[in-house]
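Chemist: Below is the file coords24.cif, with mmCIF, N, CA and C atoms.
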data_upload
loop_
_atom_site.label_atom_id
_atom_site.label_comp_id
_atom_site.auth_asym_id
_atom_site.auth_seq_id
_atom_site.Cartn_x
_atom_site.Cartn_y
_atom_site.Cartn_z
N MET A 232 -40.30 -0.11 5.67
CA MET A 232 -39.39 -1.18 6.00
C MET A 232 -38.63 -1.63 4.76
N ALA A 233 -39.25 -1.61 3.62
CA ALA A 233 -38.60 -2.04 2.39
C ALA A 233 -37.47 -1.08 2.02
N LYS A 234 -37.67 0.21 2.32
CA LYS A 234 -36.65 1.20 1.99
C LYS A 234 -35.38 0.94 2.79
N ARG A 235 -35.54 0.59 4.06
CA ARG A 235 -34.40 0.31 4.92
C ARG A 235 -33.65 -0.93 4.43
N ARG A 236 -34.38 -1.94 4.07
CA ARG A 236 -33.77 -3.17 3.58
C ARG A 236 -33.03 -2.91 2.26
N SER A 237 -33.62 -2.06 1.43
CA SER A 237 -33.00 -1.72 0.15
C SER A 237 -31.69 -0.94 0.37
N ALA A 238 -31.71 -0.02 1.33
CA ALA A 238 -30.50 0.76 1.63
C ALA A 238 -29.41 -0.15 2.18
N ARG A 239 -29.80 -1.07 3.04
CA ARG A 239 -28.83 -2.00 3.63
C ARG A 239 -28.25 -2.90 2.54
N LYS A 240 -29.10 -3.34 1.63
CA LYS A 240 -28.62 -4.18 0.53
C LYS A 240 -27.67 -3.40 -0.36
N GLY A 241 -27.96 -2.13 -0.58
CA GLY A 241 -27.07 -1.28 -1.38
C GLY A 241 -25.71 -1.13 -0.73
N VAL A 242 -25.70 -0.94 0.57
CA VAL A 242 -24.43 -0.81 1.30
C VAL A 242 -23.67 -2.13 1.26
N LEU A 243 -24.37 -3.22 1.43
CA LEU A 243 -23.72 -4.53 1.39
C LEU A 243 -23.16 -4.83 0.00
N ASP A 244 -23.90 -4.46 -1.03
CA ASP A 244 -23.40 -4.64 -2.40
C ASP A 244 -22.15 -3.80 -2.63
N TRP A 245 -22.17 -2.55 -2.16
CA TRP A 245 -21.03 -1.66 -2.30
C TRP A 245 -19.82 -2.24 -1.56
N TRP A 246 -20.05 -2.69 -0.32
CA TRP A 246 -18.96 -3.24 0.49
C TRP A 246 -18.38 -4.50 -0.18
N GLN A 247 -19.22 -5.33 -0.75
CA GLN A 247 -18.74 -6.53 -1.44
C GLN A 247 -17.88 -6.15 -2.63
N THR A 248 -18.28 -5.10 -3.35
CA THR A 248 -17.49 -4.63 -4.48
C THR A 248 -16.12 -4.12 -4.00
N VAL A 249 -16.11 -3.36 -2.92
CA VAL A 249 -14.85 -2.87 -2.36
C VAL A 249 -13.94 -4.03 -1.99
N LEU A 250 -14.48 -5.01 -1.31
CA LEU A 250 -13.69 -6.17 -0.91
C LEU A 250 -13.16 -6.94 -2.11
N ASP A 251 -14.00 -7.14 -3.11
CA ASP A 251 -13.57 -7.86 -4.32
C ASP A 251 -12.44 -7.11 -5.03
N GLU A 252 -12.59 -5.81 -5.18
CA GLU A 252 -11.57 -5.01 -5.86
C GLU A 252 -10.27 -5.01 -5.07
N THR A 253 -10.36 -4.92 -3.75
CA THR A 253 -9.17 -4.93 -2.90
C THR A 253 -8.46 -6.27 -3.02
N LYS A 254 -9.21 -7.35 -3.00
CA LYS A 254 -8.62 -8.69 -3.14
C LYS A 254 -7.93 -8.82 -4.49
N ASP A 255 -8.56 -8.33 -5.55
CA ASP A 255 -7.96 -8.37 -6.88
C ASP A 255 -6.66 -7.58 -6.91
N LEU A 256 -6.66 -6.40 -6.29
CA LEU A 256 -5.46 -5.57 -6.25
C LEU A 256 -4.32 -6.28 -5.52
N VAL A 257 -4.63 -6.88 -4.38
CA VAL A 257 -3.61 -7.59 -3.62
C VAL A 257 -3.10 -8.80 -4.41
N ASP A 258 -4.00 -9.55 -5.00
CA ASP A 258 -3.59 -10.71 -5.80
C ASP A 258 -2.69 -10.29 -6.96
N ASP A 259 -3.05 -9.22 -7.65
CA ASP A 259 -2.24 -8.73 -8.76
C ASP A 259 -0.86 -8.28 -8.28
N SER A 260 -0.82 -7.61 -7.14
CA SER A 260 0.45 -7.14 -6.59
C SER A 260 1.36 -8.32 -6.23
N ILE A 261 0.79 -9.33 -5.62
CA ILE A 261 1.57 -10.52 -5.25
C ILE A 261 2.09 -11.20 -6.51
N ASP A 262 1.26 -11.31 -7.52
CA ASP A 262 1.69 -11.92 -8.78
C ASP A 262 2.85 -11.15 -9.40
N ARG A 263 2.79 -9.82 -9.35
CA ARG A 263 3.86 -9.02 -9.93
C ARG A 263 5.17 -9.21 -9.17
N PHE A 264 5.08 -9.30 -7.83
CA PHE A 264 6.29 -9.54 -7.05
C PHE A 264 6.87 -10.91 -7.36
N ARG A 265 6.03 -11.89 -7.53
CA ARG A 265 6.50 -13.24 -7.83
C ARG A 265 7.11 -13.32 -9.22
N ASP A 266 6.60 -12.55 -10.14
CA ASP A 266 7.08 -12.58 -11.52
C ASP A 266 8.37 -11.80 -11.71
N ASP A 267 8.76 -11.05 -10.70
CA ASP A 267 9.97 -10.24 -10.81
C ASP A 267 11.19 -11.16 -10.79
N ASP A 268 11.76 -11.39 -11.99
CA ASP A 268 12.89 -12.30 -12.13
C ASP A 268 14.22 -11.63 -11.83
N ASP A 269 14.26 -10.34 -11.83
CA ASP A 269 15.52 -9.63 -11.65
C ASP A 269 15.74 -9.31 -10.18
N GLU A 270 16.25 -10.28 -9.44
CA GLU A 270 16.49 -10.11 -8.01
C GLU A 270 17.55 -9.05 -7.74
N GLY A 271 18.56 -8.97 -8.61
CA GLY A 271 19.62 -7.99 -8.42
C GLY A 271 19.10 -6.58 -8.41
N GLU A 272 18.20 -6.31 -9.32
CA GLU A 272 17.62 -4.97 -9.40
C GLU A 272 16.84 -4.65 -8.14
N LEU A 273 16.13 -5.63 -7.62
CA LEU A 273 15.37 -5.42 -6.39
C LEU A 273 16.30 -5.11 -5.23
N HIS A 274 17.40 -5.84 -5.14
CA HIS A 274 18.37 -5.58 -4.07
C HIS A 274 18.99 -4.20 -4.21
N ASP A 275 19.25 -3.79 -5.45
CA ASP A 275 19.78 -2.44 -5.69
C ASP A 275 18.78 -1.38 -5.26
N ASP A 276 17.51 -1.59 -5.59
CA ASP A 276 16.47 -0.64 -5.19
C ASP A 276 16.37 -0.55 -3.67
N ILE A 277 16.45 -1.68 -3.00
CA ILE A 277 16.38 -1.68 -1.54
C ILE A 277 17.58 -0.93 -0.96
N ALA A 278 18.76 -1.17 -1.51
CA ALA A 278 19.95 -0.47 -1.03
C ALA A 278 19.81 1.04 -1.24
N ASP A 279 19.30 1.44 -2.40
CA ASP A 279 19.08 2.86 -2.68
C ASP A 279 18.09 3.48 -1.70
N LEU A 280 17.02 2.75 -1.41
CA LEU A 280 16.02 3.26 -0.47
C LEU A 280 16.60 3.39 0.94
N LYS A 281 17.39 2.41 1.36
CA LYS A 281 18.01 2.49 2.68
C LYS A 281 18.95 3.68 2.77
N LYS A 282 19.71 3.92 1.70
CA LYS A 282 20.62 5.06 1.67
C LYS A 282 19.84 6.37 1.75
N ALA A 283 18.74 6.46 0.99
CA ALA A 283 17.91 7.67 0.99
C ALA A 283 17.31 7.91 2.37
N VAL A 284 16.86 6.87 3.03
CA VAL A 284 16.28 7.01 4.37
C VAL A 284 17.35 7.48 5.36
N ALA A 285 18.55 6.91 5.26
CA ALA A 285 19.65 7.31 6.14
C ALA A 285 20.00 8.78 5.92
N GLU A 286 20.02 9.22 4.66
CA GLU A 286 20.32 10.62 4.36
C GLU A 286 19.23 11.54 4.91
N LEU A 287 17.97 11.13 4.78
CA LEU A 287 16.87 11.94 5.33
C LEU A 287 16.95 12.02 6.85
N ASN A 288 17.27 10.90 7.49
CA ASN A 288 17.41 10.92 8.95
C ASN A 288 18.54 11.84 9.38
N ALA A 289 19.66 11.81 8.67
CA ALA A 289 20.78 12.69 9.00
C ALA A 289 20.38 14.15 8.82
N LYS A 290 19.66 14.44 7.75
CA LYS A 290 19.21 15.82 7.51
C LYS A 290 18.25 16.28 8.60
N LEU A 291 17.33 15.39 8.99
CA LEU A 291 16.40 15.74 10.07
C LEU A 291 17.14 15.98 11.37
N ASP A 292 18.13 15.15 11.66
CA ASP A 292 18.92 15.34 12.87
C ASP A 292 19.65 16.68 12.85
N ARG A 293 20.22 17.05 11.69
CA ARG A 293 20.87 18.35 11.57
C ARG A 293 19.89 19.50 11.78
N LEU A 294 18.71 19.39 11.20
CA LEU A 294 17.70 20.44 11.35
C LEU A 294 17.25 20.58 12.79
N VAL A 295 17.07 19.47 13.46
CA VAL A 295 16.67 19.50 14.88
C VAL A 295 17.78 20.12 15.71
N ALA A 296 19.02 19.76 15.42
CA ALA A 296 20.15 20.31 16.16
C ALA A 296 20.27 21.83 15.94
N GLU A 297 19.99 22.30 14.73
CA GLU A 297 20.06 23.72 14.43
C GLU A 297 18.98 24.51 15.16
N ARG A 298 17.84 23.91 15.40
CA ARG A 298 16.73 24.62 16.06
C ARG A 298 16.98 24.78 17.56
N LYS A 299 17.82 23.95 18.12
CA LYS A 299 18.07 24.01 19.57
C LYS A 299 19.01 25.11 19.95
#
Rewrite the structure from the file as structure tokens, please.
Modeler:
Amino acid sequence: MAKRRSARKGVLDWWQTVLDETKDLVDDSIDRFRDDDDEGELHDDIADLKKAVAELNAKLDRLVAERK
């Protein structure tokens, strides 16, 4: 019985570590987004990403049309 309790405690300790690390990662990410003072650069990056997605969609549409 002690072995089972020990294994369960080990899993719970591991899970707590995973949750703590995940929370730290999310908190750090949010802090970095908040600290980003250069809004213009962010808007430029978003515009570039939208353009890239549109180009990929157009390419996929062309490839699908060619296969038909």
Chemist: Taking all atoms of stretch 242-248 of chain A that the file lists, what box with edges along x, y and z, padded by 8 Å per side, do you get, with centre and edge lengths in Å to one decimal, as JSON?
Modeler:
{"center_x": -20.9, "center_y": -3.7, "center_z": -1.5, "size_x": 25.6, "size_y": 21.7, "size_z": 21.9}
Chemist: Could you jot down the atom CA of A:Asp276 to atom CA of A:Ser260 separation for me, Å, one decimal place?
Modeler: 17.3 Å
Chemist: When you draw a straight line from atom CA of A:Asp275 to atom CA of A:Ala289, how long is it in Å?
Modeler: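 So the answer is 21.1 Å.
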Chemist: Please report the interatomic distance between atom C of A:Ile261 and atom CA of A:Val249 in Å with one decimal.
Modeler: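 Taking atom C of A:Ile261 and atom CA of A:Val249, their separation equals 19.3 Å.
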Chemist: Rebuild all heavy atoms on stretch 243-254 of chain A, as a PDB file, keeping the file's coordinate frame?
Modeler:
ATOM      1  N   LEU A 243     -24.370  -3.220   1.430  1.00  0.00           N
ATOM      2  CA  LEU A 243     -23.720  -4.530   1.390  1.00  0.00           C
ATOM      3  C   LEU A 243     -23.160  -4.830   0.000  1.00  0.00           C
ATOM      4  O   LEU A 243     -22.056  -5.376  -0.110  1.00  0.00           O
ATOM      5  CB  LEU A 243     -24.685  -5.633   1.828  1.00  0.00           C
ATOM      6  CG  LEU A 243     -25.066  -5.625   3.305  1.00  0.00           C
ATOM      7  CD1 LEU A 243     -26.116  -6.696   3.575  1.00  0.00           C
ATOM      8  CD2 LEU A 243     -23.865  -5.820   4.193  1.00  0.00           C
ATOM      9  N   ASP A 244     -23.900  -4.460  -1.030  1.00  0.00           N
ATOM     10  CA  ASP A 244     -23.400  -4.640  -2.400  1.00  0.00           C
ATOM     11  C   ASP A 244     -22.150  -3.800  -2.630  1.00  0.00           C
ATOM     12  O   ASP A 244     -21.164  -4.258  -3.222  1.00  0.00           O
ATOM     13  CB  ASP A 244     -24.466  -4.278  -3.429  1.00  0.00           C
ATOM     14  CG  ASP A 244     -25.584  -5.300  -3.500  1.00  0.00           C
ATOM     15  OD1 ASP A 244     -25.396  -6.432  -3.015  1.00  0.00           O
ATOM     16  OD2 ASP A 244     -26.653  -4.947  -4.042  1.00  0.00           O
ATOM     17  N   TRP A 245     -22.170  -2.550  -2.160  1.00  0.00           N
ATOM     18  CA  TRP A 245     -21.030  -1.660  -2.300  1.00  0.00           C
ATOM     19  C   TRP A 245     -19.820  -2.240  -1.560  1.00  0.00           C
ATOM     20  O   TRP A 245     -18.711  -2.274  -2.080  1.00  0.00           O
ATOM     21  CB  TRP A 245     -21.374  -0.272  -1.750  1.00  0.00           C
ATOM     22  CG  TRP A 245     -20.186   0.641  -1.704  1.00  0.00           C
ATOM     23  CD1 TRP A 245     -19.655   1.349  -2.732  1.00  0.00           C
ATOM     24  CD2 TRP A 245     -19.371   0.906  -0.563  1.00  0.00           C
ATOM     25  NE1 TRP A 245     -18.562   2.048  -2.297  1.00  0.00           N
ATOM     26  CE2 TRP A 245     -18.364   1.800  -0.969  1.00  0.00           C
ATOM     27  CE3 TRP A 245     -19.407   0.494   0.757  1.00  0.00           C
ATOM     28  CZ2 TRP A 245     -17.397   2.274  -0.096  1.00  0.00           C
ATOM     29  CZ3 TRP A 245     -18.435   0.963   1.635  1.00  0.00           C
ATOM     30  CH2 TRP A 245     -17.450   1.847   1.205  1.00  0.00           C
ATOM     31  N   TRP A 246     -20.050  -2.690  -0.320  1.00  0.00           N
ATOM     32  CA  TRP A 246     -18.960  -3.240   0.490  1.00  0.00           C
ATOM     33  C   TRP A 246     -18.380  -4.500  -0.180  1.00  0.00           C
ATOM     34  O   TRP A 246     -17.163  -4.694  -0.175  1.00  0.00           O
ATOM     35  CB  TRP A 246     -19.460  -3.538   1.891  1.00  0.00           C
ATOM     36  CG  TRP A 246     -18.376  -3.967   2.821  1.00  0.00           C
ATOM     37  CD1 TRP A 246     -18.256  -5.154   3.438  1.00  0.00           C
ATOM     38  CD2 TRP A 246     -17.240  -3.205   3.237  1.00  0.00           C
ATOM     39  NE1 TRP A 246     -17.130  -5.202   4.202  1.00  0.00           N
ATOM     40  CE2 TRP A 246     -16.480  -4.011   4.103  1.00  0.00           C
ATOM     41  CE3 TRP A 246     -16.781  -1.927   2.954  1.00  0.00           C
ATOM     42  CZ2 TRP A 246     -15.297  -3.577   4.684  1.00  0.00           C
ATOM     43  CZ3 TRP A 246     -15.593  -1.492   3.540  1.00  0.00           C
ATOM     44  CH2 TRP A 246     -14.877  -2.315   4.386  1.00  0.00           C
ATOM     45  N   GLN A 247     -19.220  -5.330  -0.750  1.00  0.00           N
ATOM     46  CA  GLN A 247     -18.740  -6.530  -1.440  1.00  0.00           C
ATOM     47  C   GLN A 247     -17.880  -6.150  -2.630  1.00  0.00           C
ATOM     48  O   GLN A 247     -16.856  -6.762  -2.882  1.00  0.00           O
ATOM     49  CB  GLN A 247     -19.931  -7.393  -1.895  1.00  0.00           C
ATOM     50  CG  GLN A 247     -19.514  -8.692  -2.545  1.00  0.00           C
ATOM     51  CD  GLN A 247     -18.819  -9.628  -1.583  1.00  0.00           C
ATOM     52  OE1 GLN A 247     -19.279  -9.814  -0.472  1.00  0.00           O
ATOM     53  NE2 GLN A 247     -17.707 -10.194  -2.008  1.00  0.00           N
ATOM     54  N   THR A 248     -18.280  -5.100  -3.350  1.00  0.00           N
ATOM     55  CA  THR A 248     -17.490  -4.630  -4.480  1.00  0.00           C
ATOM     56  C   THR A 248     -16.120  -4.120  -4.000  1.00  0.00           C
ATOM     57  O   THR A 248     -15.097  -4.434  -4.616  1.00  0.00           O
ATOM     58  CB  THR A 248     -18.238  -3.506  -5.218  1.00  0.00           C
ATOM     59  OG1 THR A 248     -19.491  -4.015  -5.671  1.00  0.00           O
ATOM     60  CG2 THR A 248     -17.441  -2.982  -6.393  1.00  0.00           C
ATOM     61  N   VAL A 249     -16.110  -3.360  -2.920  1.00  0.00           N
ATOM     62  CA  VAL A 249     -14.850  -2.870  -2.360  1.00  0.00           C
ATOM     63  C   VAL A 249     -13.940  -4.030  -1.990  1.00  0.00           C
ATOM     64  O   VAL A 249     -12.746  -4.044  -2.314  1.00  0.00           O
ATOM     65  CB  VAL A 249     -15.094  -1.950  -1.142  1.00  0.00           C
ATOM     66  CG1 VAL A 249     -13.800  -1.644  -0.404  1.00  0.00           C
ATOM     67  CG2 VAL A 249     -15.787  -0.666  -1.568  1.00  0.00           C
ATOM     68  N   LEU A 250     -14.480  -5.010  -1.310  1.00  0.00           N
ATOM     69  CA  LEU A 250     -13.690  -6.170  -0.910  1.00  0.00           C
ATOM     70  C   LEU A 250     -13.160  -6.940  -2.110  1.00  0.00           C
ATOM     71  O   LEU A 250     -11.997  -7.345  -2.137  1.00  0.00           O
ATOM     72  CB  LEU A 250     -14.511  -7.093  -0.009  1.00  0.00           C
ATOM     73  CG  LEU A 250     -14.834  -6.555   1.383  1.00  0.00           C
ATOM     74  CD1 LEU A 250     -15.745  -7.532   2.112  1.00  0.00           C
ATOM     75  CD2 LEU A 250     -13.585  -6.305   2.174  1.00  0.00           C
ATOM     76  N   ASP A 251     -14.000  -7.140  -3.110  1.00  0.00           N
ATOM     77  CA  ASP A 251     -13.570  -7.860  -4.320  1.00  0.00           C
ATOM     78  C   ASP A 251     -12.440  -7.110  -5.030  1.00  0.00           C
ATOM     79  O   ASP A 251     -11.455  -7.724  -5.454  1.00  0.00           O
ATOM     80  CB  ASP A 251     -14.742  -8.060  -5.277  1.00  0.00           C
ATOM     81  CG  ASP A 251     -15.751  -9.082  -4.759  1.00  0.00           C
ATOM     82  OD1 ASP A 251     -15.415  -9.856  -3.843  1.00  0.00           O
ATOM     83  OD2 ASP A 251     -16.884  -9.092  -5.281  1.00  0.00           O
ATOM     84  N   GLU A 252     -12.590  -5.810  -5.180  1.00  0.00           N
ATOM     85  CA  GLU A 252     -11.570  -5.010  -5.860  1.00  0.00           C
ATOM     86  C   GLU A 252     -10.270  -5.010  -5.070  1.00  0.00           C
ATOM     87  O   GLU A 252      -9.179  -5.080  -5.644  1.00  0.00           O
ATOM     88  CB  GLU A 252     -12.067  -3.578  -6.078  1.00  0.00           C
ATOM     89  CG  GLU A 252     -13.206  -3.466  -7.065  1.00  0.00           C
ATOM     90  CD  GLU A 252     -12.822  -3.912  -8.463  1.00  0.00           C
ATOM     91  OE1 GLU A 252     -11.686  -3.633  -8.896  1.00  0.00           O
ATOM     92  OE2 GLU A 252     -13.665  -4.542  -9.128  1.00  0.00           O
ATOM     93  N   THR A 253     -10.360  -4.920  -3.750  1.00  0.00           N
ATOM     94  CA  THR A 253      -9.170  -4.930  -2.900  1.00  0.00           C
ATOM     95  C   THR A 253      -8.460  -6.270  -3.020  1.00  0.00           C
ATOM     96  O   THR A 253      -7.229  -6.322  -3.141  1.00  0.00           O
ATOM     97  CB  THR A 253      -9.547  -4.654  -1.439  1.00  0.00           C
ATOM     98  OG1 THR A 253     -10.230  -3.397  -1.363  1.00  0.00           O
ATOM     99  CG2 THR A 253      -8.319  -4.622  -0.555  1.00  0.00           C
ATOM    100  N   LYS A 254      -9.210  -7.350  -3.000  1.00  0.00           N
ATOM    101  CA  LYS A 254      -8.620  -8.690  -3.140  1.00  0.00           C
ATOM    102  C   LYS A 254      -7.930  -8.820  -4.490  1.00  0.00           C
ATOM    103  O   LYS A 254      -6.808  -9.326  -4.581  1.00  0.00           O
ATOM    104  CB  LYS A 254      -9.676  -9.769  -2.995  1.00  0.00           C
ATOM    105  CG  LYS A 254      -9.117 -11.181  -3.103  1.00  0.00           C
ATOM    106  CD  LYS A 254     -10.210 -12.207  -3.077  1.00  0.00           C
ATOM    107  CE  LYS A 254      -9.695 -13.603  -3.216  1.00  0.00           C
ATOM    108  NZ  LYS A 254      -8.978 -13.854  -4.451  1.00  0.00           N
TER     109      LYS A 254
END
